[in-house]
$ cat protein10.pdb   # PDB, C-alpha atoms and all ligand atoms
ATOM      1  CA  MET A  86    -102.636  -9.037  44.196
ATOM      2  CA  THR A  87    -105.929  -7.927  45.783
ATOM      3  CA  MET A  88    -106.820  -7.544  49.450
ATOM      4  CA  GLU A  89    -110.351  -6.276  48.712
ATOM      5  CA  ARG A  90    -112.832  -7.309  51.392
ATOM      6  CA  GLU A  91    -116.619  -7.109  51.713
ATOM      7  CA  ILE A  92    -116.204  -4.247  54.160
ATOM      8  CA  GLU A  93    -114.528  -2.124  51.458
ATOM      9  CA  THR A  94    -117.699  -2.354  49.339
ATOM     10  CA  MET A  95    -119.877  -1.382  52.319
ATOM     11  CA  ARG A  96    -117.654   1.615  53.000
ATOM     12  CA  GLU A  97    -118.355   3.032  49.537
ATOM     13  CA  ALA A  98    -121.849   4.160  50.654
ATOM     14  CA  PRO A  99    -122.406   6.789  53.396
ATOM     15  CA  HIS A 100    -122.027   5.139  56.800
ATOM     16  CA  TRP A 101    -120.882   5.485  60.391
ATOM     17  CA  SER A 102    -118.064   3.431  61.871
ATOM     18  CA  TYR A 103    -116.417   2.931  65.230
ATOM     19  CA  SER A 104    -113.337   4.758  63.863
ATOM     20  CA  ALA A 105    -115.429   7.780  62.881
ATOM     21  CA  PHE A 106    -117.020   7.982  66.349
ATOM     22  CA  GLN A 107    -113.664   7.536  68.053
ATOM     23  CA  THR A 108    -112.010  10.137  65.826
ATOM     24  CA  TYR A 109    -114.718  12.685  66.621
ATOM     25  CA  LEU A 110    -114.446  12.028  70.354
ATOM     26  CA  ALA A 111    -110.636  12.363  70.284
ATOM     27  CA  CYS A 112    -110.557  15.502  68.145
ATOM     28  CA  PRO A 113    -113.503  16.926  66.141
ATOM     29  CA  MET A 114    -111.038  18.920  64.001
ATOM     30  CA  ARG A 115    -109.276  15.758  62.904
ATOM     31  CA  TYR A 116    -112.671  14.248  62.148
ATOM     32  CA  TYR A 117    -113.367  17.224  59.894
ATOM     33  CA  PHE A 118    -110.115  16.836  57.951
ATOM     34  CA  ARG A 119    -110.546  13.094  57.531
ATOM     35  CA  TYR A 120    -114.268  12.558  57.006
ATOM     36  CA  ILE A 121    -115.607  15.896  55.715
ATOM     37  CA  GLU A 122    -112.689  17.435  53.804
ATOM     38  CA  HIS A 123    -111.082  14.109  52.845
ATOM     39  CA  ALA A 124    -107.773  15.979  53.081
ATOM     40  CA  GLU A 125    -104.549  14.363  51.909
ATOM     41  CA  VAL A 126    -102.619  12.968  54.864
ATOM     42  CA  GLU A 127     -99.337  14.738  55.581
ATOM     43  CA  ARG A 128     -97.797  11.544  56.910
ATOM     44  CA  THR A 129     -98.809   7.952  57.565
ATOM     45  CA  SER A 130     -97.211   6.246  60.525
ATOM     46  CA  VAL A 131     -95.866   2.785  59.757
ATOM     47  CA  SER A 132     -98.117   1.453  62.526
ATOM     48  CA  MET A 133    -101.069   1.652  60.118
ATOM     49  CA  PRO A 134     -99.766  -0.650  57.334
ATOM     50  CA  PHE A 135     -98.109  -2.789  60.007
ATOM     51  CA  GLY A 136    -101.416  -3.345  61.809
ATOM     52  CA  ARG A 137    -103.279  -4.080  58.573
ATOM     53  CA  THR A 138    -100.652  -6.625  57.574
ATOM     54  CA  PHE A 139    -100.678  -8.324  60.967
ATOM     55  CA  HIS A 140    -104.478  -8.614  60.762
ATOM     56  CA  ALA A 141    -104.334 -10.109  57.270
ATOM     57  CA  VAL A 142    -101.907 -12.819  58.361
ATOM     58  CA  LEU A 143    -103.902 -13.681  61.500
ATOM     59  CA  SER A 144    -107.032 -13.905  59.331
ATOM     60  CA  GLU A 145    -105.284 -16.514  57.191
ATOM     61  CA  ARG A 146    -104.278 -18.472  60.279
ATOM     62  CA  ALA A 147    -107.882 -18.392  61.513
ATOM     63  CA  ARG A 148    -109.169 -19.632  58.146
ATOM     64  CA  ARG A 149    -106.583 -22.332  57.518
ATOM     65  CA  GLY A 150    -106.157 -23.656  61.034
ATOM     66  CA  LEU A 151    -103.247 -25.869  62.076
ATOM     67  CA  ALA A 152    -102.145 -26.363  58.460
ATOM     68  CA  TYR A 153    -100.874 -22.769  58.510
ATOM     69  CA  THR A 154     -97.238 -22.789  59.603
ATOM     70  CA  VAL A 155     -94.932 -20.142  61.048
ATOM     71  CA  LYS A 156     -93.039 -20.184  57.726
ATOM     72  CA  ASP A 157     -96.316 -19.498  55.851
ATOM     73  CA  ALA A 158     -97.002 -16.610  58.229
ATOM     74  CA  HIS A 159     -93.566 -15.036  57.785
ATOM     75  CA  GLU A 160     -93.748 -15.280  53.987
ATOM     76  CA  ALA A 161     -97.258 -13.830  53.887
ATOM     77  CA  PHE A 162     -96.258 -10.993  56.204
ATOM     78  CA  ALA A 163     -93.404  -9.893  53.905
ATOM     79  CA  VAL A 164     -95.665  -9.908  50.826
ATOM     80  CA  TYR A 165     -98.611  -8.094  52.466
ATOM     81  CA  PHE A 166     -96.415  -5.585  54.278
ATOM     82  CA  LYS A 167     -94.736  -4.601  51.012
ATOM     83  CA  PHE A 168     -98.162  -4.160  49.412
ATOM     84  CA  GLU A 169     -99.538  -2.125  52.314
ATOM     85  CA  THR A 170     -96.503   0.164  52.678
ATOM     86  CA  GLU A 171     -96.418   0.873  48.943
ATOM     87  CA  ALA A 172    -100.116   1.835  49.059
ATOM     88  CA  CYS A 173     -99.556   4.441  51.834
ATOM     89  CA  GLU A 174     -99.481   8.199  51.303
ATOM     90  CA  ASN A 175     -96.333   9.815  52.742
ATOM     91  CA  LEU A 176     -95.251   6.843  54.815
ATOM     92  CA  THR A 177     -92.856   7.755  57.634
ATOM     93  CA  TYR A 178     -90.508   5.686  59.761
ATOM     94  CA  LYS A 179     -88.777   6.820  62.941
ATOM     95  CA  PRO A 180     -85.001   7.337  62.649
ATOM     96  CA  GLU A 181     -83.105   4.030  62.481
ATOM     97  CA  GLU A 182     -86.249   2.119  61.539
ATOM     98  CA  ASP A 183     -87.182   0.931  58.057
ATOM     99  CA  PHE A 184     -89.234  -1.669  56.205
ATOM    100  CA  TRP A 185     -86.936  -4.524  57.294
ATOM    101  CA  PHE A 186     -86.978  -3.456  60.946
ATOM    102  CA  TRP A 187     -90.766  -3.723  61.031
ATOM    103  CA  ASN A 188     -90.839  -6.834  58.877
ATOM    104  CA  GLN A 189     -88.666  -8.590  61.470
ATOM    105  CA  ARG A 190     -90.780  -7.216  64.340
ATOM    106  CA  GLY A 191     -93.903  -8.543  62.616
ATOM    107  CA  CYS A 192     -92.350 -12.013  62.303
ATOM    108  CA  ASP A 193     -91.364 -11.986  65.985
ATOM    109  CA  MET A 194     -94.936 -11.088  66.939
ATOM    110  CA  LEU A 195     -96.355 -13.787  64.662
ATOM    111  CA  ASP A 196     -94.155 -16.370  66.386
ATOM    112  CA  ILE A 197     -95.925 -15.506  69.664
ATOM    113  CA  ALA A 198     -99.367 -15.304  68.059
ATOM    114  CA  LEU A 199     -99.111 -18.734  66.438
ATOM    115  CA  ALA A 200     -97.526 -20.349  69.499
ATOM    116  CA  ASP A 201    -100.397 -19.045  71.693
ATOM    117  CA  TRP A 202    -103.151 -19.757  69.146
ATOM    118  CA  PRO A 203    -106.175 -21.353  70.840
ATOM    119  CA  ASP A 204    -107.752 -24.023  68.596
ATOM    120  CA  ASP A 205    -110.200 -25.361  71.154
ATOM    121  CA  TYR A 206    -113.210 -23.478  69.782
ATOM    122  CA  LEU A 207    -115.253 -23.379  66.593
ATOM    123  CA  VAL A 208    -114.486 -20.598  64.126
ATOM    124  CA  LYS A 209    -117.830 -19.081  63.109
ATOM    125  CA  SER A 210    -116.469 -16.361  60.819
ATOM    126  CA  VAL A 211    -113.298 -14.487  59.884
ATOM    127  CA  ALA A 212    -113.252 -10.848  58.745
ATOM    128  CA  GLU A 213    -117.069 -10.729  58.847
ATOM    129  CA  ALA A 214    -118.471  -7.416  57.627
ATOM    130  CA  PHE A 215    -121.591  -5.949  59.210
ATOM    131  CA  SER A 216    -123.974  -3.121  58.401
ATOM    132  CA  VAL A 217    -126.688  -2.419  60.977
ATOM    133  CA  LYS A 218    -129.188   0.313  61.771
ATOM    134  CA  VAL A 219    -128.791   2.482  64.850
ATOM    135  CA  PRO A 220    -132.049   4.235  65.921
ATOM    136  CA  GLY A 221    -131.929   7.936  65.099
ATOM    137  CA  LEU A 222    -128.879   7.816  62.809
ATOM    138  CA  SER A 223    -129.251   8.745  59.149
ATOM    139  CA  LYS A 224    -126.600   6.233  58.020
ATOM    140  CA  PRO A 225    -125.902   2.589  58.908
ATOM    141  CA  LEU A 226    -123.123   1.528  61.227
ATOM    142  CA  VAL A 227    -120.592  -0.624  59.358
ATOM    143  CA  GLY A 228    -117.547  -2.518  60.507
ATOM    144  CA  GLU A 229    -115.814  -5.873  60.500
ATOM    145  CA  PHE A 230    -115.434  -8.528  63.182
ATOM    146  CA  ASP A 231    -111.887  -9.911  62.997
ATOM    147  CA  LEU A 232    -112.969 -13.337  64.256
ATOM    148  CA  VAL A 233    -116.142 -14.798  65.760
ATOM    149  CA  THR A 234    -115.859 -18.044  67.701
ATOM    150  CA  VAL A 235    -118.300 -20.398  69.370
ATOM    151  CA  ASP A 236    -117.272 -22.184  72.559
ATOM    152  CA  GLY A 237    -120.069 -24.213  74.135
ATOM    153  CA  GLY A 238    -123.017 -21.819  74.048
ATOM    154  CA  ASP A 239    -120.884 -18.650  74.066
ATOM    155  CA  GLU A 240    -120.266 -16.598  70.971
ATOM    156  CA  THR A 241    -117.202 -14.371  71.199
ATOM    157  CA  ILE A 242    -116.045 -11.520  68.977
ATOM    158  CA  CYS A 243    -112.230 -11.482  68.926
ATOM    159  CA  ASP A 244    -110.362  -8.348  67.926
ATOM    160  CA  TRP A 245    -106.637  -8.379  67.192
ATOM    161  CA  LYS A 246    -104.701  -5.325  68.301
ATOM    162  CA  THR A 247    -101.080  -4.322  67.911
ATOM    163  CA  ALA A 248    -100.057  -1.901  70.652
ATOM    164  CA  ALA A 249     -96.954  -0.022  71.749
ATOM    165  CA  MET A 250     -97.330  -1.340  75.292
ATOM    166  CA  LYS A 251     -99.454  -3.617  77.439
ATOM    167  CA  TRP A 252    -102.980  -2.323  78.022
ATOM    168  CA  PRO A 253    -103.764  -1.001  81.512
ATOM    169  CA  VAL A 254    -106.286  -2.847  83.684
ATOM    170  CA  GLY A 255    -109.855  -1.764  82.917
ATOM    171  CA  LYS A 256    -109.196  -0.430  79.410
ATOM    172  CA  ALA A 257    -111.138  -3.229  77.706
ATOM    173  CA  ASP A 258    -114.183  -2.569  79.934
ATOM    174  CA  ARG A 259    -114.276   1.094  78.889
ATOM    175  CA  ASP A 260    -113.418   0.595  75.224
ATOM    176  CA  LEU A 261    -115.891   2.060  72.729
ATOM    177  CA  GLN A 262    -115.001  -0.476  70.030
ATOM    178  CA  ALA A 263    -116.171  -3.378  72.203
ATOM    179  CA  THR A 264    -119.447  -1.539  72.866
ATOM    180  CA  THR A 265    -119.939  -0.674  69.187
ATOM    181  CA  PHE A 266    -119.179  -4.182  67.939
ATOM    182  CA  CYS A 267    -121.245  -5.986  70.596
ATOM    183  CA  TYR A 268    -124.128  -3.645  69.752
ATOM    184  CA  ALA A 269    -123.755  -4.470  66.045
ATOM    185  CA  PHE A 270    -123.627  -8.206  66.788
ATOM    186  CA  GLN A 271    -126.788  -7.962  68.865
ATOM    187  CA  GLN A 272    -128.533  -6.049  66.068
ATOM    188  CA  LYS A 273    -127.421  -8.624  63.503
ATOM    189  CA  TYR A 274    -128.002 -11.871  65.422
ATOM    190  CA  GLY A 275    -130.173 -10.962  68.434
ATOM    191  CA  VAL A 276    -127.439 -12.219  70.792
ATOM    192  CA  ASN A 277    -125.218 -10.193  73.108
ATOM    193  CA  PRO A 278    -121.764 -11.778  72.695
ATOM    194  CA  LEU A 279    -118.588 -11.858  74.741
ATOM    195  CA  PHE A 280    -115.802  -9.654  73.425
ATOM    196  CA  ARG A 281    -112.102 -10.502  73.569
ATOM    197  CA  PHE A 282    -109.175  -8.265  72.700
ATOM    198  CA  ASP A 283    -106.009 -10.127  71.726
ATOM    199  CA  VAL A 284    -103.331  -7.476  72.235
ATOM    200  CA  PHE A 285     -99.830  -8.028  70.804
ATOM    201  CA  THR A 286     -97.184  -5.584  71.985
ATOM    202  CA  LYS A 287     -94.708  -4.246  69.445
ATOM    203  CA  ALA A 288     -91.870  -4.305  71.967
ATOM    204  CA  LYS A 289     -88.404  -5.717  71.283
ATOM    205  CA  THR A 290     -89.623  -8.813  73.097
ATOM    206  CA  PRO A 291     -93.269  -8.999  71.970
ATOM    207  CA  ALA A 292     -95.978 -10.250  74.301
ATOM    208  CA  HIS A 293     -99.588 -11.373  73.934
ATOM    209  CA  HIS A 294    -102.372 -10.585  76.407
ATOM    210  CA  GLN A 295    -106.085 -11.411  76.256
ATOM    211  CA  PHE A 296    -108.791  -9.187  77.745
ATOM    212  CA  TYR A 297    -112.397 -10.392  77.951
ATOM    213  CA  THR A 298    -115.230  -7.928  78.402
ATOM    214  CA  LEU A 299    -119.035  -7.783  78.315
ATOM    215  CA  ARG A 300    -121.598  -5.096  77.603
ATOM    216  CA  THR A 301    -125.092  -4.615  79.080
ATOM    217  CA  SER A 302    -128.319  -3.340  77.518
ATOM    218  CA  ASP A 303    -127.727  -0.044  79.368
ATOM    219  CA  ASP A 304    -124.301   0.218  77.669
ATOM    220  CA  PHE A 305    -126.086  -0.216  74.342
ATOM    221  CA  ASP A 306    -128.645   2.501  75.173
ATOM    222  CA  ARG A 307    -125.801   4.852  76.074
ATOM    223  CA  PHE A 308    -124.010   3.995  72.817
ATOM    224  CA  VAL A 309    -127.129   4.930  70.815
ATOM    225  CA  PHE A 310    -127.361   8.192  72.790
ATOM    226  CA  LEU A 311    -123.678   8.982  72.146
ATOM    227  CA  ALA A 312    -123.848   8.121  68.440
ATOM    228  CA  ASN A 313    -126.854  10.408  67.994
ATOM    229  CA  ARG A 314    -125.121  13.254  69.833
ATOM    230  CA  ILE A 315    -122.095  12.896  67.568
ATOM    231  CA  GLU A 316    -124.208  12.900  64.401
ATOM    232  CA  THR A 317    -126.049  16.014  65.601
ATOM    233  CA  ALA A 318    -122.750  17.768  66.363
ATOM    234  CA  VAL A 319    -121.337  16.847  62.936
ATOM    235  CA  ASN A 320    -124.483  17.986  61.127
ATOM    236  CA  THR A 321    -124.342  21.275  63.053
ATOM    237  CA  GLY A 322    -120.742  21.826  61.940
ATOM    238  CA  ILE A 323    -119.101  21.628  65.361
ATOM    239  CA  PHE A 324    -115.418  20.949  64.643
ATOM    240  CA  PHE A 325    -112.775  22.246  67.035
ATOM    241  CA  PRO A 326    -109.186  21.193  67.787
ATOM    242  CA  VAL A 327    -108.396  19.168  70.897
ATOM    243  CA  GLU A 328    -104.689  19.832  71.327
ATOM    244  CA  SER A 329    -102.712  17.422  73.483
ATOM    245  CA  SER A 330     -99.368  15.725  73.094
ATOM    246  CA  MET A 331    -101.084  12.341  72.840
ATOM    247  CA  ASN A 332    -103.527  13.527  70.174
ATOM    248  CA  CYS A 333    -101.245  15.670  68.052
ATOM    249  CA  ALA A 334     -97.891  13.854  68.133
ATOM    250  CA  GLU A 335     -98.687  11.605  65.175
ATOM    251  CA  CYS A 336    -101.616  13.533  63.675
ATOM    252  CA  ALA A 337    -101.668  13.275  59.894
ATOM    253  CA  TYR A 338    -103.151  16.784  59.558
ATOM    254  CA  SER A 339    -101.022  18.870  61.954
ATOM    255  CA  GLY A 340     -99.847  21.379  59.312
ATOM    256  CA  ARG A 341    -103.395  21.943  58.056
ATOM    257  CA  CYS A 342    -104.610  22.230  61.660
ATOM    258  CA  LYS A 343    -102.025  24.886  62.559
ATOM    259  CA  ALA A 344    -103.386  27.108  59.764
ATOM    260  CA  ALA A 345    -107.109  26.413  60.342
ATOM    261  CA  HIS A 346    -107.826  29.455  62.502
ATOM    262  CA  ARG A 347    -106.284  31.782  59.887
ATOM    263  CA  LYS A 348    -108.805  30.561  57.289
ATOM    264  CA  VAL A 349    -111.717  31.262  59.658
ATOM    265  CA  ALA A 350    -110.465  34.674  60.840
TER     266      ALA A 350
HETATM  267  S1  LIG A 401    -103.016  18.472  65.243
HETATM  268 FE1  LIG A 401    -104.062  17.932  67.163
HETATM  269  S2  LIG A 401    -105.723  19.414  67.384
HETATM  270 FE2  LIG A 401    -105.056  19.460  65.250
HETATM  271  S3  LIG A 401    -106.398  18.056  64.157
HETATM  272 FE3  LIG A 401    -104.587  16.918  64.757
HETATM  273  S4  LIG A 401    -105.123  15.995  66.711
HETATM  274 FE4  LIG A 401    -106.594  17.637  66.351
END
$ encode --input "protein10.pdb" --output "structure tokens"
Amino acid sequence: MTMEREIETMREAPHWSYSAFQTYLACPMRYYFRYIEHAEVERTSVSMPFGRTFHAVLSERARRGLAYTVKDAHEAFAVYFKFETEACENLTYKPEEDFWFWNQRGCDMLDIALADWPDDYLVKSVAEAFSVKVPGLSKPLVGEFDLVTVDGGDETICDWKTAAMKWPVGKADRDLQATTFCYAFQQKYGVNPLFRFDVFTKAKTPAHHQFYTLRTSDDFDRFVFLANRIETAVNTGIFFPVESSMNCAECAYSGRCKAAHRKVA
């Protein structure tokens, strides 16, 4: 079985991504371990293979339309989730959770996703890879639009998210991924699109919420400024830990991080 996508080929060459920018902003030390040292992860939270699997099944629904049934989705989820979990380094579950717990949770979330699925627009692309230039950066910006739709004259990038809880009001309007992806779309097509997050909560009773957002040309200018500042900081070797309970609780490099200052001293 292969889940190879065009984006995987693009990622083989040096590049920037939204994840790399976001990782640096959250914790430059973690950026160093992941993108410079390519250190082995000490643990992989199940949320990573779970999210990848959920995306893969929603991509199939987007491609196949109404012919894709809930039964198809459940069967595909089990197969992909097994593949994704087996491919993980040091996969960890919380106590009293296991593969079958999350398999069932995934099926419950898919029930909501398929029941709420809007089919009143044209699907322009699914899992569309992009590689665009950003002025001043030495490497292209690459990424993948989950889904692009056309409704009347509006083109919309849709991004599927699995989240522990419902997003707070205003989060979508501040989100760097929406800025990065709208910028990339504008570079690729010359059109500034709408952006929609479809957020599925991983609660015992899952829920689905949609958040629309827009970006301006000034947002794009600020993104270019930020991206250049990050590249300069990385090239200068500025990597320091940003310790907080939110950052460090599930960090895959916490053991390595605890010892980092001893190596420098
Ligand atoms: S443990 Fe915390 S400070 Fe250290 S790399 Fe991870 S997120 Fe950063």
$ resolve_selection --input "protein10.pdb" --expression "the PyMOL selection byres (((not hetatm)) within 6 of (chain A and resi 401))" --output "MDAnalysis selection string"
chainID A and resid 112 114:115 326:328 332:333 336 338:339 342
$ write_last_selection --input "protein10.pdb" --atoms "C-alpha atoms" --output "PDB file, in the coordinates of the input"
ATOM      1  CA  CYS A 112    -110.557  15.502  68.145  1.00  0.00           C
ATOM      2  CA  MET A 114    -111.038  18.920  64.001  1.00  0.00           C
ATOM      3  CA  ARG A 115    -109.276  15.758  62.904  1.00  0.00           C
ATOM      4  CA  PRO A 326    -109.186  21.193  67.787  1.00  0.00           C
ATOM      5  CA  VAL A 327    -108.396  19.168  70.897  1.00  0.00           C
ATOM      6  CA  GLU A 328    -104.689  19.832  71.327  1.00  0.00           C
ATOM      7  CA  ASN A 332    -103.527  13.527  70.174  1.00  0.00           C
ATOM      8  CA  CYS A 333    -101.245  15.670  68.052  1.00  0.00           C
ATOM      9  CA  CYS A 336    -101.616  13.533  63.675  1.00  0.00           C
ATOM     10  CA  TYR A 338    -103.151  16.784  59.558  1.00  0.00           C
ATOM     11  CA  SER A 339    -101.022  18.870  61.954  1.00  0.00           C
ATOM     12  CA  CYS A 342    -104.610  22.230  61.660  1.00  0.00           C
TER      13      CYS A 342
END
$ resolve_selection --input "protein10.pdb" --expression "the PyMOL selection byres (((chain A and resi 202-219) around 9) and not hetatm)" --output "ChimeraX atom specification"
/A:90-92,95,100,144-145,147-148,150-151,197-201,220-237,240,269-270,272-273,309,312-313
$ residues_around --input "protein10.pdb" --residues "Ser302 (chain A)" --least-positions-apart "2" --cutoff "10 Å" --atoms "only C-alpha atoms" --output "list in words"
Tyr268, Gln271, Asn277, Arg300, Asp304, Phe305, Asp306, Arg307 and Phe308 of chain A
$ write_last_selection --input "protein10.pdb" --atoms "C-alpha atoms" --output "compact mmCIF listing (two decimals), in the frame of the given file"
# COMPACT_ATOMS: atom_id res chain seq x y z
CA TYR A 268 -124.13 -3.64 69.75
CA GLN A 271 -126.79 -7.96 68.86
CA ASN A 277 -125.22 -10.19 73.11
CA ARG A 300 -121.60 -5.10 77.60
CA ASP A 304 -124.30 0.22 77.67
CA PHE A 305 -126.09 -0.22 74.34
CA ASP A 306 -128.65 2.50 75.17
CA ARG A 307 -125.80 4.85 76.07
CA PHE A 308 -124.01 4.00 72.82
$ residues_around --input "protein10.pdb" --residues "region 104-110 of chain A" --least-positions-apart "4" --cutoff "9 Å" --atoms "all atoms listed in the file" --output "number ranges by chain"
A: 114-117, 119-120, 261-262, 311-312, 315-316, 319, 324
$ write_last_selection --input "protein10.pdb" --atoms "C-alpha atoms" --output "compact mmCIF listing (two decimals), in the frame of the given file"
# COMPACT_ATOMS: atom_id res chain seq x y z
CA MET A 114 -111.04 18.92 64.00
CA ARG A 115 -109.28 15.76 62.90
CA TYR A 116 -112.67 14.25 62.15
CA TYR A 117 -113.37 17.22 59.89
CA ARG A 119 -110.55 13.09 57.53
CA TYR A 120 -114.27 12.56 57.01
CA LEU A 261 -115.89 2.06 72.73
CA GLN A 262 -115.00 -0.48 70.03
CA LEU A 311 -123.68 8.98 72.15
CA ALA A 312 -123.85 8.12 68.44
CA ILE A 315 -122.10 12.90 67.57
CA GLU A 316 -124.21 12.90 64.40
CA VAL A 319 -121.34 16.85 62.94
CA PHE A 324 -115.42 20.95 64.64
$ atom_distance --input "protein10.pdb" --atom1 "CA of Trp245 (chain A)" --atom2 "CA of Leu143 (chain A)"
8.2 Å
$ closest_residue --input "protein10.pdb" --among "A:Ala345, A:Leu176, A:Ile323, A:Ala257" --to "Phe282 (chain A)" --atoms "all atoms listed in the file"
A:Ala257
$ closest_residue --input "protein10.pdb" --among "A:Glu169, A:Asp303, A:Glu97, A:Glu122" --to "His140 (chain A)" --atoms "only C-alpha atoms"
A:Glu169
$ atom_distance --input "protein10.pdb" --atom1 "CA of Cys192 (chain A)" --atom2 "CA of Lys289 (chain A)"
11.7 Å
$ closest_residue --input "protein10.pdb" --among "A:Phe168, A:Tyr274, A:Phe266, A:Tyr297" --to "Ser102 (chain A)" --atoms "all atoms listed in the file"
A:Phe266
$ resolve_selection --input "protein10.pdb" --expression "the PyMOL selection byres (((chain A and resi 258) around 10) and not hetatm)" --output "list in words"
Val254, Gly255, Lys256, Ala257, Arg259, Asp260, Leu261, Ala263, Thr264, Phe280, Phe296, Tyr297, Thr298, Leu299 and Arg300 of chain A
$ build_atoms --input "protein10.pdb" --residues "region 182-195 of chain A" --atoms "N, CA and C atoms" --output "CSV table (one decimal), in the coordinates of the input"
chain,number,residue,atom,x,y,z
A,182,GLU,N,-85.3,3.2,61.8
A,182,GLU,CA,-86.2,2.1,61.5
A,182,GLU,C,-86.5,2.2,60.0
A,183,ASP,N,-86.8,1.0,59.5
A,183,ASP,CA,-87.2,0.9,58.1
A,183,ASP,C,-88.1,-0.3,57.8
A,184,PHE,N,-88.4,-0.5,56.6
A,184,PHE,CA,-89.2,-1.7,56.2
A,184,PHE,C,-88.8,-3.0,56.9
A,185,TRP,N,-87.5,-3.2,56.8
A,185,TRP,CA,-86.9,-4.5,57.3
A,185,TRP,C,-87.0,-4.6,58.8
A,186,PHE,N,-86.8,-3.5,59.5
A,186,PHE,CA,-87.0,-3.5,60.9
A,186,PHE,C,-88.4,-3.9,61.3
A,187,TRP,N,-89.4,-3.4,60.7
A,187,TRP,CA,-90.8,-3.7,61.0
A,187,TRP,C,-91.2,-5.1,60.5
A,188,ASN,N,-90.6,-5.5,59.4
A,188,ASN,CA,-90.8,-6.8,58.9
A,188,ASN,C,-90.4,-7.9,59.9
A,189,GLN,N,-89.2,-7.7,60.5
A,189,GLN,CA,-88.7,-8.6,61.5
A,189,GLN,C,-89.5,-8.6,62.7
A,190,ARG,N,-89.9,-7.3,63.1
A,190,ARG,CA,-90.8,-7.2,64.3
A,190,ARG,C,-92.1,-8.0,64.1
A,191,GLY,N,-92.7,-7.8,62.9
A,191,GLY,CA,-93.9,-8.5,62.6
A,191,GLY,C,-93.7,-10.1,62.7
A,192,CYS,N,-92.6,-10.6,62.2
A,192,CYS,CA,-92.4,-12.0,62.3
A,192,CYS,C,-92.2,-12.5,63.8
A,193,ASP,N,-91.5,-11.6,64.6
A,193,ASP,CA,-91.4,-12.0,66.0
A,193,ASP,C,-92.7,-12.0,66.7
A,194,MET,N,-93.6,-11.1,66.3
A,194,MET,CA,-94.9,-11.1,66.9
A,194,MET,C,-95.8,-12.3,66.5
A,195,LEU,N,-95.6,-12.6,65.2
A,195,LEU,CA,-96.4,-13.8,64.7
A,195,LEU,C,-95.9,-15.1,65.3
